[in-house]
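**Student:** This is the structure I have questions about; it appears just below.
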2 protein chains.
Amino acid sequence: MVVEILAVGTELLLGNIANTNAQYLSRRCAALGFSVYHHTVVGDNEKRMTEAIRQAFGRSDIVILTGGLGPTEDDMTKEVCAKVMGFPMEEDVHTRKRISGYFRAARKKNVTDNNWKQALVPVGAKVLDNDNGTAPGLILEKNKKTVILLPGPPNELIPIFSEKAEPYLRALQPDTIYSKMVKVCGIGESQAETMILDLIDSQTNPTIATYAKTGEVHLRVTARAADEKEGKRLVKPVVRELKKRFGTQIYSTKEEEELEDAVVKLLKKYGLTVATAESMTGGLVAGRLVNVAGASECLKEGFVTYSNKAKRHALGVKKETLKTFGAVSEETARQMAEGGALAAGADSCVAVTGFAGPKDSKEEPKGLTYISCYLGGRVSVRKYHFTGNRRKIREQAVVQALNLLRLRMLEQYKHEQ
Amino acid sequence: MVVEILAVGTELLLGNIANTNAQYLSRRCAALGFSVYHHTVVGDNEKRMTEAIRQAFGRSDIVILTGGLGPTEDDMTKEVCAKVMGFPMEEDVHTRKRISGYFRAARKKNVTDNNWKQALVPVGAKVLDNDNGTAPGLILEKNKKTVILLPGPPNELIPIFSEKAEPYLRALQPDTIYSKMVKVCGIGESQAETMILDLIDSQTNPTIATYAKTGEVHLRVTARAADEKEGKRLVKPVVRELKKRFGTQIYSTKEEEELEDAVVKLLKKYGLTVATAESMTGGLVAGRLVNVAGASECLKEGFVTYSNKAKRHALGVKKETLKTFGAVSEETARQMAEGGALAAGADSCVAVTGFAGPKDSKEEPKGLTYISCYLGGRVSVRKYHFTGNRRKIREQAVVQALNLLRLRMLEQYKHEQ
């Protein structure tokens, strides 16, 4: 079956944002075994939207239509789509209630009239509740064509799609697509690909696709099979081979598990507490750990010590060290990790110091970063030269800091595995 | 004049990459005063590519066609485009020479035959040299329609476009587009729109467009004019009216200035230092401040105090307070801000404590958050009920924390404005 992704939004046509929704939806559709032959973007314009929907019906079975479901006047995707398909609109009592509840929970007082437009749905539509916003998702069916309407903001679109639209799509697909994710941290995409080129070249079913993320490479092994059991049987030996090749560079084989989840899991497994001591990353390593619900059991305390004074005051880095070696040095990184663990009374501490730019510093090029980890009475320090802009350099440092802590725990407790 | 952006690439349809080229090109075209009404993506497939090119000619004056100019068999964009437009192909001697030189400089030994395909161009095409790769950009003109072909990799596309295609496009465009951004924080999109509905309804030139970001609304005022001076003259009174309506809720009128930039600017203006004391946001407020190059002058120290113990230890929150009122309370928020400023020796401190979920806590619903700010011997505390998932709740809290600090500074020094 063929899926087409049609996004509505002037902000896309003006280049204010990239169409990351189309990327997300395409990847999920590919994983479900659907073919995607067209992405289209049009603005909030009735004529062009009508033409695009009609054209999509002419060449695709399912149209995923994103954006333009908001409360304002120029949001008209739902209305235009209902008109093209010949559905009248009616108020959905359930949705009106949900929106009221949403505003109540948000203690929102000035609920303007235009908000209730979002409770109108085409007659017969399947409503997909939105837990993160007011506009619901909708599924419309007519003459063997299906339209799935989703709100544009990714933090609303992704949960609705993954929790509500995906099960619907999965039921339309006769073959089962079974896939397993292998998440690797610490090596680049081209190196990862080189390490498995023979596997990729010989692949038919299952296939291996690689996706690069900052500091990480995700490998998706996908099999098409008659049922899930058969899919699992096909995927298993490939995943086993990947584990053999990448070893501890793999931090997870679970779709929803992020690097910070894997780190917190290990901290809990070994009954360890952790502290963070951050200069260049300025709190982002701690912020990633707090992403994990229940991280409070492990995260003792975090220190953001961007200035030299704070490094001395909060972490006890020696004045002499800062003077002799500089704030961005192996020695400073070492004392930050030791000092952070001591100050917080934690079993471990991960520390980051570096130059994020925007310009090269007097002494060193931007991107130079030292990441250290204290655990079991010993500090490891690693030196990196990250490339890219300020933001990218910091993001890479956060990933490598979490990964160093993970690798140190695995090493420390390897006999207990 | 109407421009259409047509990207070719299976990797886009599989969701391996986002179509950031379309974003870049749209932004540049908008700045040049062209209207972009459609983005399209198709795969490396002759039939679908032919249809897409024909359709684009039917509705647009200029088609920017990206991707599929590589040396391999499935790269056929140039060939298909030449066929649709009725141009035969010939070898471009200049390009063949340039490609030879490129391989020599790259010390590339195994130059396979398929590489010379890239020296073939449609007869009459204007060649745009590629300094970062082998495939040249091309401009084709016929029957008042123009096609600009660009290679897909952004590090090749961007230099060719900005250095060679943009001057060509600029010469085609008589009007100038002038726009100004007004960034508002602290109110929702629908409320912001309601506040300026009369302006939006009566708009023709300039126009006002609203964009929602987490905790922020951006308003873009755009005028079409004969020259920049005239554009500025048209935009000025509208921006003045917006400033009157939104007052201090506007944190910037600069395109590239983020909320954290505005905060650091005020800190520097008033010669203030700041500390952060974060529970639920776990370092993300400090992380946002460190986004700003040179934030080290202002950011004294950050504390990530996710556990009650850390709140007592690092910030001096009283045991009694935590016991009586709980960690998520006005009283705790107040002591966190005061204690953070004191511990860091900073002039100000912003603190966050709340329940981010994923589930409601025993006592309170998820989303309940107290944000406090210490400045000039006084602490302000605000209570929020954020909605959405864990990540969204935390993101909103970060924005409101930065905004509270901003508003407190404006209030404290309002007589010095």
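To be explicit about the labels: the chains of the structure tokens are called A, B, and onward in the order shown, and within each one the residues are counted from 1, while ligands get numbers from 1 in the order they are shown.
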Over all C-alpha pairs taken in sequence order, what does chain B look like after a least-squares fit onto chain A? Please give it as a short mmCIF file (atom, residue, chain, number, x, y, z; two decimals) with C-alpha atoms, in the first residue's frame.

**Tutor:**
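Below you can see out00.cif, which holds the result:
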data_model
loop_
_atom_site.label_atom_id
_atom_site.label_comp_id
_atom_site.auth_asym_id
_atom_site.auth_seq_id
_atom_site.Cartn_x
_atom_site.Cartn_y
_atom_site.Cartn_z
CA MET B 1 0.50 0.18 1.89
CA VAL B 2 1.76 3.72 1.44
CA VAL B 3 0.77 6.56 3.75
CA GLU B 4 1.37 10.24 3.00
CA ILE B 5 1.32 12.97 5.61
CA LEU B 6 -0.06 16.29 4.44
CA ALA B 7 -0.09 19.16 6.93
CA VAL B 8 -1.97 22.38 6.39
CA GLY B 9 -0.86 25.53 8.21
CA THR B 10 0.62 28.92 7.51
CA GLU B 11 2.29 28.83 10.94
CA LEU B 12 4.38 25.89 9.68
CA LEU B 13 5.41 27.73 6.50
CA LEU B 14 6.35 30.83 8.51
CA GLY B 15 8.47 28.70 10.82
CA ASN B 16 6.48 29.61 13.92
CA ILE B 17 6.23 25.93 14.83
CA ALA B 18 7.95 22.70 13.77
CA ASN B 19 5.92 19.94 12.17
CA THR B 20 6.06 17.62 15.15
CA ASN B 21 2.72 16.06 14.10
CA ALA B 22 4.42 14.63 11.01
CA GLN B 23 7.11 13.15 13.23
CA TYR B 24 4.59 11.58 15.58
CA LEU B 25 2.41 10.19 12.78
CA SER B 26 5.42 8.85 10.86
CA ARG B 27 6.74 7.03 13.87
CA ARG B 28 3.36 5.46 14.55
CA CYS B 29 2.86 4.50 10.89
CA ALA B 30 6.34 2.92 10.73
CA ALA B 31 5.54 0.89 13.83
CA LEU B 32 2.31 -0.29 12.17
CA GLY B 33 4.25 -1.39 9.10
CA PHE B 34 3.13 1.31 6.68
CA SER B 35 5.61 3.00 4.35
CA VAL B 36 5.73 6.78 4.43
CA TYR B 37 7.40 8.25 1.34
CA HIS B 38 6.27 11.89 1.49
CA HIS B 39 5.57 14.65 3.99
CA THR B 40 4.06 17.80 2.53
CA VAL B 41 3.13 21.12 4.09
CA VAL B 42 0.91 23.70 2.37
CA GLY B 43 -0.83 26.83 3.61
CA ASP B 44 -4.54 27.55 4.05
CA ASN B 45 -4.93 28.07 0.31
CA GLU B 46 -7.58 26.23 -1.73
CA LYS B 47 -5.59 25.89 -4.94
CA ARG B 48 -2.39 24.57 -3.38
CA MET B 49 -4.31 22.32 -0.99
CA THR B 50 -6.34 20.83 -3.88
CA GLU B 51 -3.17 20.14 -5.86
CA ALA B 52 -1.48 18.54 -2.87
CA ILE B 53 -4.44 16.26 -2.12
CA ARG B 54 -4.73 15.18 -5.79
CA GLN B 55 -1.02 14.49 -5.95
CA ALA B 56 -1.12 12.48 -2.72
CA PHE B 57 -3.94 10.31 -4.15
CA GLY B 58 -1.75 9.63 -7.18
CA ARG B 59 1.04 8.05 -5.16
CA SER B 60 -0.32 6.92 -1.80
CA ASP B 61 -3.12 4.69 -0.48
CA ILE B 62 -3.81 6.64 2.69
CA VAL B 63 -3.50 10.39 3.22
CA ILE B 64 -3.32 11.73 6.77
CA LEU B 65 -4.35 15.36 6.55
CA THR B 66 -3.67 17.53 9.61
CA GLY B 67 -4.61 21.08 10.56
CA GLY B 68 -7.05 23.68 9.26
CA LEU B 69 -10.13 22.16 10.93
CA GLY B 70 -10.75 25.15 13.21
CA PRO B 71 -13.77 27.45 13.24
CA THR B 72 -12.28 30.46 11.45
CA GLU B 73 -12.65 31.51 7.84
CA ASP B 74 -9.18 30.46 6.79
CA ASP B 75 -9.75 26.91 8.06
CA MET B 76 -10.86 25.04 4.94
CA THR B 77 -9.13 21.65 4.96
CA LYS B 78 -12.34 19.64 5.44
CA GLU B 79 -14.25 21.60 2.80
CA VAL B 80 -11.48 21.39 0.19
CA CYS B 81 -10.96 17.68 0.82
CA ALA B 82 -14.71 16.95 0.48
CA LYS B 83 -14.79 18.93 -2.77
CA VAL B 84 -11.80 17.04 -4.24
CA MET B 85 -13.40 13.71 -3.31
CA GLY B 86 -16.87 14.77 -4.45
CA PHE B 87 -18.69 14.50 -1.12
CA PRO B 88 -21.46 16.98 -0.18
CA MET B 89 -21.48 18.27 3.43
CA GLU B 90 -24.15 17.78 6.07
CA GLU B 91 -24.53 18.59 9.74
CA ASP B 92 -23.66 15.70 12.04
CA VAL B 93 -26.20 15.81 14.87
CA HIS B 94 -23.98 13.79 17.21
CA THR B 95 -21.05 16.20 16.71
CA ARG B 96 -23.24 19.28 17.20
CA LYS B 97 -24.37 17.82 20.53
CA ARG B 98 -20.80 16.98 21.52
CA ILE B 99 -19.62 20.53 20.72
CA SER B 100 -22.49 22.03 22.78
CA GLY B 101 -21.50 19.81 25.68
CA TYR B 102 -17.85 20.81 25.30
CA PHE B 103 -18.69 24.51 25.55
CA ARG B 104 -20.96 23.89 28.52
CA ALA B 105 -18.18 22.02 30.37
CA ALA B 106 -15.70 24.81 29.56
CA ARG B 107 -18.18 27.42 30.90
CA LYS B 108 -17.79 29.20 27.58
CA LYS B 109 -20.39 31.90 27.11
CA ASN B 110 -19.63 33.66 23.84
CA VAL B 111 -20.06 30.78 21.42
CA THR B 112 -19.80 32.48 18.06
CA ASP B 113 -21.75 31.15 15.05
CA ASN B 114 -18.65 30.04 13.17
CA ASN B 115 -18.16 27.30 15.78
CA TRP B 116 -21.04 25.27 14.32
CA LYS B 117 -19.10 24.93 11.08
CA GLN B 118 -17.19 22.25 12.95
CA ALA B 119 -20.33 20.06 13.14
CA LEU B 120 -20.50 19.86 9.31
CA VAL B 121 -19.06 16.62 7.89
CA PRO B 122 -18.78 15.08 4.41
CA VAL B 123 -21.69 12.65 3.80
CA GLY B 124 -20.62 9.10 4.70
CA ALA B 125 -17.62 10.15 6.79
CA LYS B 126 -16.66 8.16 9.86
CA VAL B 127 -16.54 10.64 12.76
CA LEU B 128 -13.74 10.35 15.35
CA ASP B 129 -14.77 12.21 18.50
CA ASN B 130 -12.36 14.79 19.89
CA ASP B 131 -12.27 14.72 23.69
CA ASN B 132 -9.89 17.68 23.93
CA GLY B 133 -11.37 20.19 21.52
CA THR B 134 -14.27 20.92 19.21
CA ALA B 135 -13.14 19.80 15.71
CA PRO B 136 -13.75 16.07 15.19
CA GLY B 137 -11.38 13.75 13.33
CA LEU B 138 -12.84 12.20 10.16
CA ILE B 139 -12.19 9.18 7.96
CA LEU B 140 -13.27 9.38 4.29
CA GLU B 141 -13.07 6.49 1.83
CA LYS B 142 -13.54 6.50 -1.94
CA ASN B 143 -12.08 4.51 -4.86
CA LYS B 144 -9.74 2.54 -2.58
CA LYS B 145 -8.23 5.77 -1.25
CA THR B 146 -8.56 6.79 2.38
CA VAL B 147 -8.21 10.22 3.95
CA ILE B 148 -7.85 10.64 7.71
CA LEU B 149 -8.47 14.23 8.80
CA LEU B 150 -7.07 15.27 12.19
CA PRO B 151 -7.04 18.61 14.05
CA GLY B 152 -3.65 20.35 14.21
CA PRO B 153 -3.05 20.91 17.96
CA PRO B 154 -0.95 17.93 19.15
CA ASN B 155 -2.96 17.58 22.37
CA GLU B 156 -6.04 16.92 20.19
CA LEU B 157 -4.36 15.03 17.34
CA ILE B 158 -2.44 12.50 19.44
CA PRO B 159 -5.38 11.16 21.48
CA ILE B 160 -7.68 10.95 18.43
CA PHE B 161 -4.99 9.18 16.40
CA SER B 162 -3.87 6.72 19.04
CA GLU B 163 -7.34 5.87 20.33
CA LYS B 164 -9.42 6.00 17.16
CA ALA B 165 -7.38 6.14 13.94
CA GLU B 166 -4.71 3.60 14.91
CA PRO B 167 -7.14 0.70 15.45
CA TYR B 168 -8.63 1.51 12.03
CA LEU B 169 -5.16 1.48 10.40
CA ARG B 170 -4.06 -1.66 12.22
CA ALA B 171 -6.97 -3.54 10.67
CA LEU B 172 -5.74 -2.57 7.19
CA GLN B 173 -2.22 -3.90 7.69
CA PRO B 174 -1.52 -7.63 7.42
CA ASP B 175 2.28 -7.51 8.10
CA THR B 176 4.00 -6.80 11.40
CA ILE B 177 7.10 -4.61 11.62
CA TYR B 178 9.58 -5.55 14.32
CA SER B 179 12.66 -3.43 14.99
CA LYS B 180 15.52 -3.31 17.46
CA MET B 181 17.88 -0.42 18.17
CA VAL B 182 21.62 -0.83 18.73
CA LYS B 183 23.29 2.28 20.18
CA VAL B 184 27.01 2.76 19.69
CA CYS B 185 29.22 5.39 21.31
CA GLY B 186 32.78 6.44 20.62
CA ILE B 187 33.08 6.02 16.84
CA GLY B 188 31.87 8.13 13.91
CA GLU B 189 29.06 7.28 11.49
CA SER B 190 31.24 6.61 8.47
CA GLN B 191 33.56 4.34 10.44
CA ALA B 192 30.58 2.48 11.90
CA GLU B 193 29.11 2.03 8.45
CA THR B 194 32.40 0.79 7.05
CA MET B 195 32.50 -1.79 9.82
CA ILE B 196 29.16 -3.22 8.69
CA LEU B 197 29.13 -2.39 4.98
CA ASP B 198 28.90 -6.07 4.06
CA LEU B 199 25.81 -6.45 6.25
CA ILE B 200 24.18 -3.32 4.83
CA ASP B 201 24.92 -4.33 1.24
CA SER B 202 23.47 -7.78 1.63
CA GLN B 203 20.39 -6.64 3.56
CA THR B 204 16.84 -7.14 2.37
CA ASN B 205 14.88 -8.29 5.40
CA PRO B 206 15.85 -7.26 8.03
CA THR B 207 17.40 -3.94 7.02
CA ILE B 208 19.97 -1.90 8.97
CA ALA B 209 19.74 1.90 9.03
CA THR B 210 22.35 4.16 10.67
CA TYR B 211 21.63 7.48 12.39
CA ALA B 212 24.32 9.87 13.60
CA LYS B 213 23.94 11.70 16.91
CA THR B 214 26.64 13.81 18.60
CA GLY B 215 29.35 11.30 19.53
CA GLU B 216 27.00 8.38 18.90
CA VAL B 217 25.72 6.21 16.07
CA HIS B 218 22.37 4.45 16.30
CA LEU B 219 21.72 1.35 14.20
CA ARG B 220 18.13 0.28 13.66
CA VAL B 221 17.51 -3.32 12.59
CA THR B 222 14.01 -3.69 11.11
CA ALA B 223 12.21 -6.80 9.91
CA ARG B 224 8.87 -7.24 8.18
CA ALA B 225 7.16 -10.45 9.20
CA ALA B 226 3.85 -12.25 9.54
CA ASP B 227 3.88 -11.82 13.32
CA GLU B 228 6.06 -10.49 16.14
CA LYS B 229 7.60 -13.88 16.89
CA GLU B 230 8.77 -14.24 13.30
CA GLY B 231 10.06 -10.62 13.38
CA LYS B 232 12.12 -11.33 16.51
CA ARG B 233 13.53 -14.49 14.91
CA LEU B 234 14.69 -12.47 11.86
CA VAL B 235 16.21 -9.59 13.85
CA LYS B 236 18.05 -11.67 16.49
CA PRO B 237 21.02 -12.98 14.44
CA VAL B 238 21.68 -9.50 12.98
CA VAL B 239 21.77 -7.90 16.43
CA ARG B 240 24.05 -10.72 17.59
CA GLU B 241 26.43 -10.00 14.70
CA LEU B 242 26.42 -6.26 15.51
CA LYS B 243 27.25 -7.03 19.14
CA LYS B 244 30.18 -9.16 17.97
CA ARG B 245 31.52 -6.35 15.79
CA PHE B 246 31.03 -3.38 18.12
CA GLY B 247 31.54 -5.08 21.50
CA THR B 248 31.62 -2.65 24.42
CA GLN B 249 31.14 0.26 22.02
CA ILE B 250 27.45 -0.67 22.24
CA TYR B 251 25.94 0.98 25.29
CA SER B 252 22.33 -0.09 24.80
CA THR B 253 19.92 -2.09 22.67
CA LYS B 254 16.89 -0.35 24.14
CA GLU B 255 14.99 2.27 22.16
CA GLU B 256 14.39 4.63 25.07
CA GLU B 257 17.73 4.21 26.88
CA GLU B 258 20.13 7.15 26.60
CA LEU B 259 23.86 7.07 27.33
CA GLU B 260 23.33 8.58 30.80
CA ASP B 261 20.77 5.86 31.59
CA ALA B 262 23.32 3.18 30.69
CA VAL B 263 25.94 4.89 32.90
CA VAL B 264 23.62 5.22 35.93
CA LYS B 265 22.52 1.60 35.45
CA LEU B 266 26.14 0.42 35.67
CA LEU B 267 26.84 2.66 38.69
CA LYS B 268 23.88 1.08 40.47
CA LYS B 269 24.80 -2.43 39.34
CA TYR B 270 28.27 -2.14 40.85
CA GLY B 271 27.11 -0.08 43.85
CA LEU B 272 29.32 2.89 42.93
CA THR B 273 28.98 6.59 43.64
CA VAL B 274 30.32 9.22 41.26
CA ALA B 275 31.45 12.83 41.34
CA THR B 276 32.02 15.20 38.41
CA ALA B 277 34.76 17.79 38.02
CA GLU B 278 34.08 19.99 35.04
CA SER B 279 35.91 22.89 33.53
CA MET B 280 35.05 23.34 29.83
CA THR B 281 31.74 21.46 30.05
CA GLY B 282 30.71 23.62 33.01
CA GLY B 283 28.17 21.31 34.64
CA LEU B 284 26.75 19.60 31.56
CA VAL B 285 28.11 16.15 32.46
CA ALA B 286 26.39 16.37 35.86
CA GLY B 287 23.32 17.76 34.08
CA ARG B 288 23.16 14.69 31.86
CA LEU B 289 23.43 12.35 34.86
CA VAL B 290 20.62 14.20 36.63
CA ASN B 291 18.47 13.56 33.51
CA VAL B 292 18.09 10.08 34.96
CA ALA B 293 15.33 9.87 37.55
CA GLY B 294 16.89 8.48 40.73
CA ALA B 295 20.44 9.59 39.87
CA SER B 296 20.68 11.03 43.40
CA GLU B 297 21.61 7.56 44.69
CA CYS B 298 24.83 7.63 42.65
CA LEU B 299 25.76 11.27 42.06
CA LYS B 300 27.59 12.34 45.22
CA GLU B 301 28.51 15.84 44.17
CA GLY B 302 29.46 17.86 41.11
CA PHE B 303 32.10 20.56 40.86
CA VAL B 304 32.10 23.24 38.20
CA THR B 305 35.65 24.56 38.30
CA TYR B 306 35.99 26.84 35.34
CA SER B 307 38.71 29.03 36.84
CA ASN B 308 42.16 27.87 37.98
CA LYS B 309 41.36 29.11 41.47
CA ALA B 310 38.31 26.86 41.67
CA LYS B 311 40.35 23.91 40.40
CA ARG B 312 42.78 24.44 43.27
CA HIS B 313 40.18 25.31 45.87
CA ALA B 314 37.52 22.67 45.20
CA LEU B 315 39.60 19.86 43.71
CA GLY B 316 43.05 20.41 45.20
CA VAL B 317 44.79 20.66 41.83
CA LYS B 318 48.34 21.81 42.62
CA LYS B 319 49.38 25.36 41.78
CA GLU B 320 52.63 23.93 40.44
CA THR B 321 50.76 21.62 38.05
CA LEU B 322 48.67 24.45 36.63
CA LYS B 323 51.80 26.59 36.24
CA THR B 324 53.99 23.92 34.66
CA PHE B 325 51.52 22.06 32.46
CA GLY B 326 48.59 24.46 32.17
CA ALA B 327 44.91 24.01 32.97
CA VAL B 328 44.36 21.97 29.82
CA SER B 329 46.80 19.13 30.33
CA GLU B 330 46.94 15.46 31.16
CA GLU B 331 48.34 16.25 34.61
CA THR B 332 45.57 18.71 35.50
CA ALA B 333 42.88 16.33 34.23
CA ARG B 334 44.38 13.58 36.37
CA GLN B 335 44.40 15.70 39.53
CA MET B 336 40.87 16.95 38.85
CA ALA B 337 39.49 13.39 38.76
CA GLU B 338 41.45 12.29 41.83
CA GLY B 339 40.64 15.48 43.72
CA GLY B 340 36.96 15.38 42.79
CA ALA B 341 36.55 11.81 44.05
CA LEU B 342 38.37 12.69 47.26
CA ALA B 343 36.48 15.94 47.92
CA ALA B 344 33.10 14.31 47.33
CA GLY B 345 33.98 11.04 49.02
CA ALA B 346 32.89 9.23 45.86
CA ASP B 347 34.05 5.89 44.43
CA SER B 348 34.61 7.40 41.01
CA CYS B 349 34.97 10.79 39.36
CA VAL B 350 34.93 11.93 35.78
CA ALA B 351 36.70 15.18 34.88
CA VAL B 352 36.88 17.39 31.78
CA THR B 353 39.27 20.19 30.91
CA GLY B 354 39.71 21.70 27.47
CA PHE B 355 39.58 24.69 25.14
CA ALA B 356 36.10 25.12 23.67
CA GLY B 357 36.94 28.28 21.78
CA PRO B 358 35.45 30.35 20.17
CA LYS B 359 39.08 31.09 19.22
CA ASP B 360 42.26 29.05 19.51
CA SER B 361 44.08 29.81 22.76
CA LYS B 362 47.62 31.08 22.82
CA GLU B 363 49.11 27.68 23.49
CA GLU B 364 46.78 25.20 21.89
CA PRO B 365 44.11 24.89 19.19
CA LYS B 366 40.47 25.00 20.26
CA GLY B 367 38.98 21.55 20.65
CA LEU B 368 41.94 20.13 22.60
CA THR B 369 40.38 18.33 25.55
CA TYR B 370 41.51 15.96 28.27
CA ILE B 371 38.94 13.68 29.82
CA SER B 372 39.83 11.63 32.86
CA CYS B 373 38.18 9.07 35.03
CA TYR B 374 39.12 7.94 38.52
CA LEU B 375 37.96 4.49 39.55
CA GLY B 376 39.39 1.79 41.79
CA GLY B 377 42.45 3.82 42.74
CA ARG B 378 43.48 4.42 39.13
CA VAL B 379 43.01 7.40 36.80
CA SER B 380 42.69 7.02 33.01
CA VAL B 381 43.19 10.13 30.89
CA ARG B 382 42.26 10.46 27.23
CA LYS B 383 43.22 13.26 24.90
CA TYR B 384 40.80 14.48 22.21
CA HIS B 385 40.79 17.03 19.43
CA PHE B 386 37.15 17.90 18.93
CA THR B 387 36.06 20.00 15.96
CA GLY B 388 33.17 22.39 15.40
CA ASN B 389 31.91 25.43 17.25
CA ARG B 390 32.01 26.00 21.00
CA ARG B 391 28.72 24.26 21.61
CA LYS B 392 29.57 21.22 19.48
CA ILE B 393 32.98 20.80 21.12
CA ARG B 394 31.38 20.84 24.55
CA GLU B 395 28.61 18.42 23.56
CA GLN B 396 31.14 15.93 22.23
CA ALA B 397 33.18 16.22 25.41
CA VAL B 398 30.10 15.47 27.54
CA VAL B 399 29.39 12.30 25.54
CA GLN B 400 33.00 11.09 25.69
CA ALA B 401 33.18 11.79 29.43
CA LEU B 402 30.10 9.69 30.11
CA ASN B 403 31.43 7.00 27.79
CA LEU B 404 34.85 6.91 29.48
CA LEU B 405 33.18 6.36 32.84
CA ARG B 406 31.08 3.58 31.28
CA LEU B 407 34.08 1.85 29.68
CA ARG B 408 36.14 2.09 32.87
CA MET B 409 33.36 0.42 34.85
CA LEU B 410 33.05 -2.38 32.28
CA GLU B 411 36.81 -2.91 32.33
CA GLN B 412 37.06 -2.81 36.13
CA TYR B 413 34.31 -5.36 36.61
CA LYS B 414 34.71 -7.42 33.45
CA HIS B 415 35.20 -10.63 35.38
CA GLU B 416 31.86 -10.09 37.08
CA GLN B 417 29.84 -9.72 33.86
#

**Student:** Would you give me, as a list in words, the residues in region 241-293 of chain A that DSSP reads as strand (DSSP E)?

**Tutor:**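 Output for region 241-293 of chain A, strand (DSSP E) only: Ile250, Tyr251, Ser252, Val274, Ala275, Thr276, Ala277 and Glu278 of chain A.
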
**Student:** Just all heavy atoms for this one: save the residues we selected as a tab-separated table (two decimals), in the first residue's frame.

**Tutor:**
chain	number	residue	atom	x	y	z
A	250	ILE	N	27.35	-1.03	21.89
A	250	ILE	CA	25.88	-1.07	21.87
A	250	ILE	C	25.37	-0.74	23.26
A	250	ILE	O	25.73	-1.40	24.23
A	250	ILE	CB	25.37	-2.46	21.44
A	250	ILE	CG1	25.80	-2.75	20.00
A	250	ILE	CG2	23.84	-2.56	21.59
A	250	ILE	CD1	25.50	-4.18	19.55
A	251	TYR	N	24.53	0.30	23.35
A	251	TYR	CA	23.99	0.61	24.67
A	251	TYR	C	22.57	0.12	24.85
A	251	TYR	O	22.08	0.04	25.98
A	251	TYR	CB	24.11	2.11	25.00
A	251	TYR	CG	23.17	3.02	24.23
A	251	TYR	CD1	21.85	3.17	24.63
A	251	TYR	CD2	23.60	3.73	23.13
A	251	TYR	CE1	20.99	4.02	23.94
A	251	TYR	CE2	22.76	4.57	22.43
A	251	TYR	CZ	21.45	4.71	22.85
A	251	TYR	OH	20.60	5.53	22.16
A	252	SER	N	21.89	-0.18	23.76
A	252	SER	CA	20.52	-0.69	23.90
A	252	SER	C	20.05	-1.40	22.64
A	252	SER	O	20.50	-1.09	21.54
A	252	SER	CB	19.56	0.45	24.21
A	252	SER	OG	18.25	-0.05	24.36
A	274	VAL	N	25.37	9.21	41.45
A	274	VAL	CA	26.22	9.95	40.54
A	274	VAL	C	26.08	11.45	40.78
A	274	VAL	O	25.03	11.91	41.24
A	274	VAL	CB	25.88	9.59	39.06
A	274	VAL	CG1	24.50	10.12	38.67
A	274	VAL	CG2	26.94	10.11	38.09
A	275	ALA	N	27.14	12.18	40.49
A	275	ALA	CA	27.09	13.64	40.47
A	275	ALA	C	27.58	14.09	39.10
A	275	ALA	O	28.20	13.32	38.37
A	275	ALA	CB	27.99	14.22	41.56
A	276	THR	N	27.28	15.34	38.73
A	276	THR	CA	27.78	15.87	37.48
A	276	THR	C	28.53	17.17	37.77
A	276	THR	O	28.14	17.91	38.67
A	276	THR	CB	26.65	16.18	36.49
A	276	THR	OG1	25.73	17.09	37.10
A	276	THR	CG2	25.88	14.93	36.09
A	277	ALA	N	29.59	17.41	37.01
A	277	ALA	CA	30.37	18.64	37.16
A	277	ALA	C	30.60	19.17	35.76
A	277	ALA	O	31.41	18.64	35.01
A	277	ALA	CB	31.69	18.34	37.86
A	278	GLU	N	29.84	20.21	35.40
A	278	GLU	CA	29.84	20.63	34.01
A	278	GLU	C	30.30	22.05	33.81
A	278	GLU	O	29.81	22.97	34.46
A	278	GLU	CB	28.42	20.52	33.44
A	278	GLU	CG	27.83	19.13	33.60
A	278	GLU	CD	26.45	19.05	33.01
A	278	GLU	OE1	26.31	19.27	31.80
A	278	GLU	OE2	25.50	18.76	33.75

**Student:** Give me, as a VMD selection string, the residues of region 204-403 of chain A that a backbone DSSP run labels alpha helix (DSSP H).

**Tutor:** chain A and resid 228 to 246 259 to 269 284 to 290 308 to 315 319 to 325 330 to 344 390 to 403
